[in-house]
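See structure below.
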Amino acid sequence: MPKLMKFSRLLSVLPLLFLAGCNMVVMAPSGDIAMQQRDLIVISTVLMLLIIIPVIFLTLFFAWRYRRANTAATYAPEWHHSTRLEIVIWAAPLAIIIALGAVTWISTHKLDPYRPLDRLDAERPIPADTKPLTVEVVALDWKWLFFYPELGIATVNELAAPVDKPINFKITASSVMNSFYIPALAGQIYAMPGMETKLHAVINREGEYDGFSANYSGAGFSHMRFKFHGLTKEGFDAWVAQVKQQGTMLNRDAYLKLEKPSEKEPVHYYAGADADLYNAILNMCAAPGKMCMNEMMHIDMMGGGGKESAENHEKLRYDDRHADEGIVAPAATVPATGAPARSEPERSDGSSMQHDMPGMPSTPGMDMQHQGHSMPGMSNGADPAPAQLNNNN
């Protein structure tokens, strides 16, 4: 018996040991947006528990009350309806759904990441003369690049901002989709190549906070982390001065070297950055000779370039931009890179699922023309692009 009691005490302490190892930053954040999101989690949980707890209690109560041994319990085999009970059963969940719907509707608009802030915290509005800090974020493989366009500096894997100063994040990616996430500051926002997402946030307490990618993006994903520093105005000015003193220049050539996939990248400071570099990354034309997406969209808006636009093919190739150097981008497809597939698909019986149609070879990379199986609409040396892309006939 004493051994059983001792074991029971150990079991009661075990959940506390698990909780002690948890990082509760989501429930104890340091930024107003993250605090409002925390409150939403609490409100939603409480509203749901208003149903869950009574149901659990009544389930246990009915199991005990109407057990077979309790002959004193009311036995009514012909009972089938109670208006009073039906009202309770339907009214309570309906009221909770209405409350959750109202909270969700209001918070969805109020906490829209694209919506500029209207307060520093629950008790302080933003002063009229406050100018937000703009930070341009680029998710690289596998590191984070931050531009401060108003300050003319840039950093890798380190971010800083003054306390109680609104921050306007502009977020994109160079290759595959990632997710920009600082739990203490605000919720995660996706970073996607060729697109710009936004986030408005503010940090209310000094400290060093963790930031990372919350979306798997390849081999170096686990180490795609950075530090976010919440500083006083004086501390932030000192940090900017340090970046300018210790940093180098981030031009197109330096960026193209930085852009190549790497893991566990150390912090880099750049005292100056090409003013148009972020827009070039966003429009996928940072490399020399590439056509920017906004240029291509302008051509499309004007009705397309017709057959003469065939020369734009090389300018728009992107996924295999490092193929000549033996580096294949994580998102590169086999047709784009020319690299063979890593493995052949298999049938359920484990055999290789190669081409086994009558008259078709089983050799990967076969030439359809040489095997006498020409594809409709194709000839030797023809551009396999869909005909609708060259429709200026």
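In the structure tokens, chains take the letters A, B, ... in the order shown, each chain's residues start at 1, and ligands count up from 1 in the order shown.
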Run DSSP on the backbone and give me the residues of segment 51-252 of chain A it puts in strand (DSSP E), as a PDB file with N, CA and C atoms, in the first residue's frame.
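This is the output file part-v5.pdb:
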ATOM      1  N   ARG A 119      -3.537  51.416 -31.798  1.00  0.00           N
ATOM      2  CA  ARG A 119      -3.184  51.575 -30.385  1.00  0.00           C
ATOM      3  C   ARG A 119      -1.842  50.916 -30.102  1.00  0.00           C
ATOM      4  N   LEU A 120      -1.192  51.360 -29.046  1.00  0.00           N
ATOM      5  CA  LEU A 120       0.048  50.738 -28.590  1.00  0.00           C
ATOM      6  C   LEU A 120      -0.252  49.565 -27.678  1.00  0.00           C
ATOM      7  N   ASP A 121      -1.261  49.721 -26.836  1.00  0.00           N
ATOM      8  CA  ASP A 121      -1.765  48.646 -25.989  1.00  0.00           C
ATOM      9  C   ASP A 121      -3.190  48.992 -25.594  1.00  0.00           C
ATOM     10  N   ARG A 124      -3.326  52.728 -24.289  1.00  0.00           N
ATOM     11  CA  ARG A 124      -2.660  53.850 -24.957  1.00  0.00           C
ATOM     12  C   ARG A 124      -2.902  53.830 -26.464  1.00  0.00           C
ATOM     13  N   PRO A 125      -3.511  54.871 -27.006  1.00  0.00           N
ATOM     14  CA  PRO A 125      -3.605  54.988 -28.467  1.00  0.00           C
ATOM     15  C   PRO A 125      -2.252  55.414 -29.038  1.00  0.00           C
ATOM     16  N   LEU A 133       7.934  52.151 -38.035  1.00  0.00           N
ATOM     17  CA  LEU A 133       9.196  51.627 -38.541  1.00  0.00           C
ATOM     18  C   LEU A 133       8.899  50.588 -39.608  1.00  0.00           C
ATOM     19  N   THR A 134       9.436  50.776 -40.806  1.00  0.00           N
ATOM     20  CA  THR A 134       9.212  49.825 -41.898  1.00  0.00           C
ATOM     21  C   THR A 134      10.360  48.825 -41.958  1.00  0.00           C
ATOM     22  N   VAL A 135      10.010  47.546 -41.996  1.00  0.00           N
ATOM     23  CA  VAL A 135      10.999  46.473 -42.121  1.00  0.00           C
ATOM     24  C   VAL A 135      10.572  45.573 -43.268  1.00  0.00           C
ATOM     25  N   GLU A 136      11.472  45.352 -44.216  1.00  0.00           N
ATOM     26  CA  GLU A 136      11.210  44.470 -45.352  1.00  0.00           C
ATOM     27  C   GLU A 136      11.880  43.126 -45.074  1.00  0.00           C
ATOM     28  N   VAL A 137      11.079  42.068 -45.096  1.00  0.00           N
ATOM     29  CA  VAL A 137      11.535  40.731 -44.701  1.00  0.00           C
ATOM     30  C   VAL A 137      11.615  39.836 -45.930  1.00  0.00           C
ATOM     31  N   VAL A 138      12.739  39.132 -46.062  1.00  0.00           N
ATOM     32  CA  VAL A 138      12.906  38.171 -47.153  1.00  0.00           C
ATOM     33  C   VAL A 138      13.299  36.828 -46.558  1.00  0.00           C
ATOM     34  N   ALA A 139      12.507  35.797 -46.846  1.00  0.00           N
ATOM     35  CA  ALA A 139      12.836  34.439 -46.429  1.00  0.00           C
ATOM     36  C   ALA A 139      13.735  33.808 -47.488  1.00  0.00           C
ATOM     37  N   LEU A 140      14.973  33.497 -47.105  1.00  0.00           N
ATOM     38  CA  LEU A 140      15.926  32.847 -48.000  1.00  0.00           C
ATOM     39  C   LEU A 140      16.065  31.385 -47.598  1.00  0.00           C
ATOM     40  N   LYS A 143      17.586  31.140 -44.154  1.00  0.00           N
ATOM     41  CA  LYS A 143      17.954  32.268 -43.305  1.00  0.00           C
ATOM     42  C   LYS A 143      16.992  33.410 -43.574  1.00  0.00           C
ATOM     43  N   TRP A 144      17.060  34.429 -42.758  1.00  0.00           N
ATOM     44  CA  TRP A 144      16.166  35.580 -42.882  1.00  0.00           C
ATOM     45  C   TRP A 144      16.979  36.833 -43.177  1.00  0.00           C
ATOM     46  N   LEU A 145      16.522  37.597 -44.153  1.00  0.00           N
ATOM     47  CA  LEU A 145      17.159  38.866 -44.519  1.00  0.00           C
ATOM     48  C   LEU A 145      16.175  39.989 -44.207  1.00  0.00           C
ATOM     49  N   PHE A 146      16.656  40.998 -43.465  1.00  0.00           N
ATOM     50  CA  PHE A 146      15.810  42.125 -43.063  1.00  0.00           C
ATOM     51  C   PHE A 146      16.391  43.430 -43.609  1.00  0.00           C
ATOM     52  N   PHE A 147      15.554  44.179 -44.308  1.00  0.00           N
ATOM     53  CA  PHE A 147      15.927  45.508 -44.803  1.00  0.00           C
ATOM     54  C   PHE A 147      15.248  46.570 -43.927  1.00  0.00           C
ATOM     55  N   TYR A 148      15.996  47.624 -43.619  1.00  0.00           N
ATOM     56  CA  TYR A 148      15.449  48.818 -42.980  1.00  0.00           C
ATOM     57  C   TYR A 148      15.579  49.955 -43.994  1.00  0.00           C
ATOM     58  N   ILE A 153      20.008  50.230 -43.897  1.00  0.00           N
ATOM     59  CA  ILE A 153      20.794  49.097 -43.423  1.00  0.00           C
ATOM     60  C   ILE A 153      20.045  47.799 -43.678  1.00  0.00           C
ATOM     61  N   ALA A 154      20.739  46.682 -43.484  1.00  0.00           N
ATOM     62  CA  ALA A 154      20.126  45.364 -43.618  1.00  0.00           C
ATOM     63  C   ALA A 154      20.844  44.398 -42.683  1.00  0.00           C
ATOM     64  N   THR A 155      20.161  43.344 -42.284  1.00  0.00           N
ATOM     65  CA  THR A 155      20.751  42.344 -41.394  1.00  0.00           C
ATOM     66  C   THR A 155      20.305  40.959 -41.823  1.00  0.00           C
ATOM     67  N   VAL A 156      21.053  39.967 -41.385  1.00  0.00           N
ATOM     68  CA  VAL A 156      20.692  38.570 -41.597  1.00  0.00           C
ATOM     69  C   VAL A 156      20.551  37.908 -40.237  1.00  0.00           C
ATOM     70  N   GLU A 158      18.959  38.615 -37.602  1.00  0.00           N
ATOM     71  CA  GLU A 158      18.818  39.454 -36.404  1.00  0.00           C
ATOM     72  C   GLU A 158      17.898  40.617 -36.739  1.00  0.00           C
ATOM     73  N   LEU A 159      16.948  40.862 -35.842  1.00  0.00           N
ATOM     74  CA  LEU A 159      15.947  41.895 -36.047  1.00  0.00           C
ATOM     75  C   LEU A 159      15.815  42.691 -34.750  1.00  0.00           C
ATOM     76  N   ALA A 160      15.630  43.989 -34.866  1.00  0.00           N
ATOM     77  CA  ALA A 160      15.479  44.842 -33.685  1.00  0.00           C
ATOM     78  C   ALA A 160      14.463  45.932 -33.968  1.00  0.00           C
ATOM     79  N   ALA A 161      13.810  46.389 -32.910  1.00  0.00           N
ATOM     80  CA  ALA A 161      12.828  47.468 -33.044  1.00  0.00           C
ATOM     81  C   ALA A 161      12.678  48.156 -31.697  1.00  0.00           C
ATOM     82  N   PRO A 162      12.334  49.441 -31.693  1.00  0.00           N
ATOM     83  CA  PRO A 162      12.112  50.143 -30.429  1.00  0.00           C
ATOM     84  C   PRO A 162      10.802  49.705 -29.776  1.00  0.00           C
ATOM     85  N   ILE A 167       5.423  48.750 -36.026  1.00  0.00           N
ATOM     86  CA  ILE A 167       6.303  48.175 -37.040  1.00  0.00           C
ATOM     87  C   ILE A 167       5.448  47.716 -38.216  1.00  0.00           C
ATOM     88  N   ASN A 168       5.819  48.154 -39.414  1.00  0.00           N
ATOM     89  CA  ASN A 168       5.147  47.715 -40.641  1.00  0.00           C
ATOM     90  C   ASN A 168       6.067  46.728 -41.362  1.00  0.00           C
ATOM     91  N   PHE A 169       5.701  45.461 -41.325  1.00  0.00           N
ATOM     92  CA  PHE A 169       6.484  44.431 -42.002  1.00  0.00           C
ATOM     93  C   PHE A 169       5.949  44.218 -43.415  1.00  0.00           C
ATOM     94  N   LYS A 170       6.871  44.172 -44.390  1.00  0.00           N
ATOM     95  CA  LYS A 170       6.565  43.750 -45.749  1.00  0.00           C
ATOM     96  C   LYS A 170       7.341  42.460 -45.978  1.00  0.00           C
ATOM     97  N   ILE A 171       6.652  41.393 -46.349  1.00  0.00           N
ATOM     98  CA  ILE A 171       7.240  40.062 -46.274  1.00  0.00           C
ATOM     99  C   ILE A 171       7.154  39.357 -47.629  1.00  0.00           C
ATOM    100  N   THR A 172       8.273  38.775 -48.058  1.00  0.00           N
ATOM    101  CA  THR A 172       8.298  37.969 -49.275  1.00  0.00           C
ATOM    102  C   THR A 172       9.327  36.861 -49.101  1.00  0.00           C
ATOM    103  N   ALA A 173       9.536  36.068 -50.147  1.00  0.00           N
ATOM    104  CA  ALA A 173      10.504  34.969 -50.113  1.00  0.00           C
ATOM    105  C   ALA A 173      11.240  34.914 -51.435  1.00  0.00           C
ATOM    106  N   ASN A 178       7.674  30.160 -46.929  1.00  0.00           N
ATOM    107  CA  ASN A 178       8.019  30.033 -45.523  1.00  0.00           C
ATOM    108  C   ASN A 178       6.941  30.729 -44.698  1.00  0.00           C
ATOM    109  N   SER A 179       7.178  30.838 -43.407  1.00  0.00           N
ATOM    110  CA  SER A 179       6.221  31.514 -42.539  1.00  0.00           C
ATOM    111  C   SER A 179       6.983  32.316 -41.493  1.00  0.00           C
ATOM    112  N   PHE A 180       6.782  33.629 -41.500  1.00  0.00           N
ATOM    113  CA  PHE A 180       7.455  34.545 -40.593  1.00  0.00           C
ATOM    114  C   PHE A 180       6.695  34.567 -39.270  1.00  0.00           C
ATOM    115  N   TYR A 181       7.373  34.187 -38.176  1.00  0.00           N
ATOM    116  CA  TYR A 181       6.666  34.036 -36.904  1.00  0.00           C
ATOM    117  C   TYR A 181       7.554  34.442 -35.733  1.00  0.00           C
ATOM    118  N   ILE A 182       7.088  35.445 -34.980  1.00  0.00           N
ATOM    119  CA  ILE A 182       7.681  35.821 -33.699  1.00  0.00           C
ATOM    120  C   ILE A 182       6.558  35.694 -32.674  1.00  0.00           C
ATOM    121  N   ALA A 186       3.456  38.700 -32.616  1.00  0.00           N
ATOM    122  CA  ALA A 186       2.195  38.573 -33.352  1.00  0.00           C
ATOM    123  C   ALA A 186       2.132  37.182 -33.976  1.00  0.00           C
ATOM    124  N   GLY A 187       1.003  36.883 -34.617  1.00  0.00           N
ATOM    125  CA  GLY A 187       0.836  35.588 -35.263  1.00  0.00           C
ATOM    126  C   GLY A 187       1.682  35.446 -36.508  1.00  0.00           C
ATOM    127  N   GLN A 188       1.768  34.220 -37.008  1.00  0.00           N
ATOM    128  CA  GLN A 188       2.612  33.935 -38.167  1.00  0.00           C
ATOM    129  C   GLN A 188       1.970  34.429 -39.449  1.00  0.00           C
ATOM    130  N   ILE A 189       2.830  34.889 -40.384  1.00  0.00           N
ATOM    131  CA  ILE A 189       2.394  35.366 -41.696  1.00  0.00           C
ATOM    132  C   ILE A 189       3.250  34.677 -42.753  1.00  0.00           C
ATOM    133  N   TYR A 190       2.608  34.157 -43.785  1.00  0.00           N
ATOM    134  CA  TYR A 190       3.348  33.437 -44.821  1.00  0.00           C
ATOM    135  C   TYR A 190       4.212  34.376 -45.655  1.00  0.00           C
ATOM    136  N   ALA A 191       5.373  33.847 -46.044  1.00  0.00           N
ATOM    137  CA  ALA A 191       6.290  34.538 -46.951  1.00  0.00           C
ATOM    138  C   ALA A 191       6.359  33.722 -48.228  1.00  0.00           C
ATOM    139  N   THR A 197       3.291  39.880 -48.522  1.00  0.00           N
ATOM    140  CA  THR A 197       2.313  39.900 -47.442  1.00  0.00           C
ATOM    141  C   THR A 197       2.723  40.960 -46.433  1.00  0.00           C
ATOM    142  N   LYS A 198       1.808  41.320 -45.543  1.00  0.00           N
ATOM    143  CA  LYS A 198       2.079  42.409 -44.608  1.00  0.00           C
ATOM    144  C   LYS A 198       1.694  42.015 -43.193  1.00  0.00           C
ATOM    145  N   LEU A 199       2.328  42.688 -42.256  1.00  0.00           N
ATOM    146  CA  LEU A 199       2.017  42.505 -40.843  1.00  0.00           C
ATOM    147  C   LEU A 199       2.278  43.814 -40.125  1.00  0.00           C
ATOM    148  N   HIS A 200       1.325  44.255 -39.305  1.00  0.00           N
ATOM    149  CA  HIS A 200       1.497  45.429 -38.456  1.00  0.00           C
ATOM    150  C   HIS A 200       1.517  44.955 -37.013  1.00  0.00           C
ATOM    151  N   ALA A 201       2.541  45.358 -36.271  1.00  0.00           N
ATOM    152  CA  ALA A 201       2.678  44.883 -34.896  1.00  0.00           C
ATOM    153  C   ALA A 201       3.452  45.905 -34.076  1.00  0.00           C
ATOM    154  N   GLY A 207      13.397  43.137 -24.391  1.00  0.00           N
ATOM    155  CA  GLY A 207      13.790  41.737 -24.260  1.00  0.00           C
ATOM    156  C   GLY A 207      14.297  41.165 -25.560  1.00  0.00           C
ATOM    157  N   GLU A 208      14.758  39.926 -25.477  1.00  0.00           N
ATOM    158  CA  GLU A 208      15.222  39.180 -26.653  1.00  0.00           C
ATOM    159  C   GLU A 208      14.248  38.038 -26.903  1.00  0.00           C
ATOM    160  N   TYR A 209      13.714  37.983 -28.103  1.00  0.00           N
ATOM    161  CA  TYR A 209      12.662  37.023 -28.418  1.00  0.00           C
ATOM    162  C   TYR A 209      13.062  36.170 -29.616  1.00  0.00           C
ATOM    163  N   ASP A 210      12.504  34.970 -29.661  1.00  0.00           N
ATOM    164  CA  ASP A 210      12.803  34.041 -30.747  1.00  0.00           C
ATOM    165  C   ASP A 210      11.887  34.266 -31.930  1.00  0.00           C
ATOM    166  N   GLY A 211      12.462  34.166 -33.123  1.00  0.00           N
ATOM    167  CA  GLY A 211      11.704  34.197 -34.367  1.00  0.00           C
ATOM    168  C   GLY A 211      12.130  33.021 -35.224  1.00  0.00           C
ATOM    169  N   PHE A 212      11.228  32.519 -36.035  1.00  0.00           N
ATOM    170  CA  PHE A 212      11.567  31.354 -36.851  1.00  0.00           C
ATOM    171  C   PHE A 212      10.561  31.198 -37.977  1.00  0.00           C
ATOM    172  N   SER A 213      10.802  30.210 -38.820  1.00  0.00           N
ATOM    173  CA  SER A 213       9.848  29.871 -39.869  1.00  0.00           C
ATOM    174  C   SER A 213       8.924  28.786 -39.348  1.00  0.00           C
ATOM    175  N   ARG A 225      16.220  30.227 -37.901  1.00  0.00           N
ATOM    176  CA  ARG A 225      15.801  30.978 -36.718  1.00  0.00           C
ATOM    177  C   ARG A 225      16.559  32.296 -36.624  1.00  0.00           C
ATOM    178  N   PHE A 226      15.973  33.232 -35.881  1.00  0.00           N
ATOM    179  CA  PHE A 226      16.631  34.521 -35.673  1.00  0.00           C
ATOM    180  C   PHE A 226      16.209  35.086 -34.325  1.00  0.00           C
ATOM    181  N   LYS A 227      16.906  36.118 -33.885  1.00  0.00           N
ATOM    182  CA  LYS A 227      16.596  36.799 -32.633  1.00  0.00           C
ATOM    183  C   LYS A 227      15.963  38.155 -32.931  1.00  0.00           C
ATOM    184  N   PHE A 228      14.905  38.454 -32.195  1.00  0.00           N
ATOM    185  CA  PHE A 228      14.244  39.752 -32.282  1.00  0.00           C
ATOM    186  C   PHE A 228      14.474  40.491 -30.977  1.00  0.00           C
ATOM    187  N   HIS A 229      15.057  41.696 -31.066  1.00  0.00           N
ATOM    188  CA  HIS A 229      15.388  42.488 -29.880  1.00  0.00           C
ATOM    189  C   HIS A 229      14.393  43.639 -29.735  1.00  0.00           C
ATOM    190  N   GLY A 230      13.708  43.681 -28.602  1.00  0.00           N
ATOM    191  CA  GLY A 230      12.893  44.833 -28.256  1.00  0.00           C
ATOM    192  C   GLY A 230      13.741  45.783 -27.421  1.00  0.00           C
ATOM    193  N   LEU A 231      13.997  46.981 -27.925  1.00  0.00           N
ATOM    194  CA  LEU A 231      14.957  47.890 -27.299  1.00  0.00           C
ATOM    195  C   LEU A 231      14.314  49.239 -26.996  1.00  0.00           C
ATOM    196  N   THR A 248      28.955  45.595 -43.886  1.00  0.00           N
ATOM    197  CA  THR A 248      29.514  45.765 -45.227  1.00  0.00           C
ATOM    198  C   THR A 248      28.395  46.250 -46.155  1.00  0.00           C
ATOM    199  N   MET A 249      28.635  46.224 -47.451  1.00  0.00           N
ATOM    200  CA  MET A 249      27.655  46.699 -48.425  1.00  0.00           C
ATOM    201  C   MET A 249      26.903  45.508 -49.018  1.00  0.00           C
ATOM    202  N   LEU A 250      25.569  45.618 -49.086  1.00  0.00           N
ATOM    203  CA  LEU A 250      24.749  44.574 -49.687  1.00  0.00           C
ATOM    204  C   LEU A 250      24.285  45.051 -51.068  1.00  0.00           C
TER     205      LEU A 250
END
Would you give me, as an MDAnalysis selection string, the residues in segment 30-265 of chain A that DSSP reads as helix (DSSP H, G or I)?
-> chainID A and resid 32:65 83:110 221:223 233:246 252:259
What is the distance, in Å and to one decimal place, between atom CA of Met192 of chain A and atom CA of Met177 of chain A?
->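 Atom CA of Met177 of chain A lies 4.6 Å from atom CA of Met192 of chain A.
Reported to one decimal place, the separation of atom CA of Trp142 of chain A from atom CA of Tyr216 of chain A is 10.6 Å.
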Which residue out of A:Met297, A:Leu117, A:Leu316, A:Ile96 has the minimum interatomic distance to Ile43 of chain A when only C-alpha atoms are used?
->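 Closest residue, counting only C-alpha atoms: A:Ile96.
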